[in-house]
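Visitor: Attaching a single structure in C-alpha cells format; questions to follow.
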Amino acid sequence: MPTHEWTMADDDYGPRRRPRWKTFLIVALGSAGLLGLLAVLYLTGAQKGSAQTGLGPKNYSAHVECQVNTTGSKGTVTISGTITGNATRYSVTVEVLDAASRQRIGLQTFEVQGTNAFRGTTAAQAPIGPAGIECKIIKVA
C-alpha cells in the first residue's frame, strides 16, 4: 500500500497563478503611455511644421549676375538676380568667388518677398585676380 496519494483536487500548495488584473493593468498603462507619446509627437510636429507644410516644397528657377568695381585695395560687388517659383518668399544666398583662385571674396543673403528680383552691393576682398569673379547661388530657403 502506497504511503502517498495523488489527487486532482485543488490544494493550496500548487503553483500560484498570476492574477489577471495585474496583466490587464500592465497592458492598459503601456498602451496609454504609447498613445500619449504619439499624441505629443504629433502635436509638436504639427506646431513646428505648420508654416512649412502650407508651402510645400519650394520649386524655383534662379539667375544671378555680378559686377565688380575695385579701387586700389578696396572692392565692391553689385549682385542682381531673379528667382521665380511656387513660393511667395525666398531667402537667397549668393557667393562671390575669385575666378582664378576660387577663393571666396564676398557673400550676401537676400530676402525676396512679393517680387522675383533681388539686388544689392557687398564689400569684396581685393585685389581681384586677372580672371575676374564668379557668382553662384549657394542656398535657397
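Residue numbering restarts at 1 for every chain of the C-alpha cells, chains are lettered A, B, ... in their displayed order, and ligands are numbered from 1 as they appear.
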Show which residues sit within 10 Å of A:Pro130, as a list in words. Count only C-alpha atoms, and ignore same-chain residues fewer than 3 positions away.

Guide: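 What passes the distance filter is Asp98, Ala99, Ala100, Pro127 and Ile133 of chain A.
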
Visitor: Give me, as number ranges by chain, all polymer residues having an atom no more than 10 Å from A:Gln125, counting only C-alpha atoms and skipping those fewer than 2 positions away in the same chain.

Guide: A: 70, 73-77, 97-98, 103-106, 122-123, 127-128

Visitor: Please compute the atom CA of A:Tyr90-atom CA of A:Gly120 distance, one decimal, in Å.

Guide: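 That distance, rounded to one decimal, is 15.4 Å.
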
Visitor: Within 8 Å of A:Cys135, counting only C-alpha atoms, which residues show up once you throw out same-chain ones fewer than 6 positions away? Write them as a tab-separated table (two decimals) with N, CA, C and O atoms, in the first residue's frame, please.

Guide:
chain	number	residue	atom	x	y	z
A	64	VAL	N	21.60	84.71	-61.48
A	64	VAL	CA	22.32	85.76	-60.77
A	64	VAL	C	23.47	86.27	-61.65
A	64	VAL	O	24.07	85.51	-62.40
A	65	GLU	N	23.71	87.58	-61.55
A	65	GLU	CA	24.83	88.22	-62.24
A	65	GLU	C	25.54	89.13	-61.26
A	65	GLU	O	24.92	89.69	-60.37
A	66	CYS	N	26.86	89.28	-61.45
A	66	CYS	CA	27.65	90.13	-60.57
A	66	CYS	C	28.58	91.02	-61.39
A	66	CYS	O	29.04	90.63	-62.47
A	94	VAL	N	24.05	84.28	-52.05
A	94	VAL	CA	24.93	84.34	-53.22
A	94	VAL	C	26.37	84.43	-52.74
A	94	VAL	O	26.70	85.23	-51.86
A	95	GLU	N	27.22	83.60	-53.33
A	95	GLU	CA	28.64	83.59	-53.01
A	95	GLU	C	29.41	84.17	-54.20
A	95	GLU	O	29.12	83.84	-55.35
A	96	VAL	N	30.38	85.04	-53.90
A	96	VAL	CA	31.22	85.65	-54.94
A	96	VAL	C	32.62	85.06	-54.78
A	96	VAL	O	33.20	85.11	-53.69
A	97	LEU	N	33.15	84.52	-55.87
A	97	LEU	CA	34.47	83.86	-55.86
A	97	LEU	C	35.42	84.56	-56.81
A	97	LEU	O	35.01	85.06	-57.86

Visitor: Report, in Å to a single decimal, how far apart atom CA of A:Ile137 and atom CA of A:Ser101 are.

Guide: 18.3 Å

Visitor: Take atom CA of A:Gln108 and atom CA of A:Thr121 and report the distance between them in Å, one decimal.

Guide: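 Computed distance, atom CA of A:Gln108 to atom CA of A:Thr121, equals 8.3 Å.
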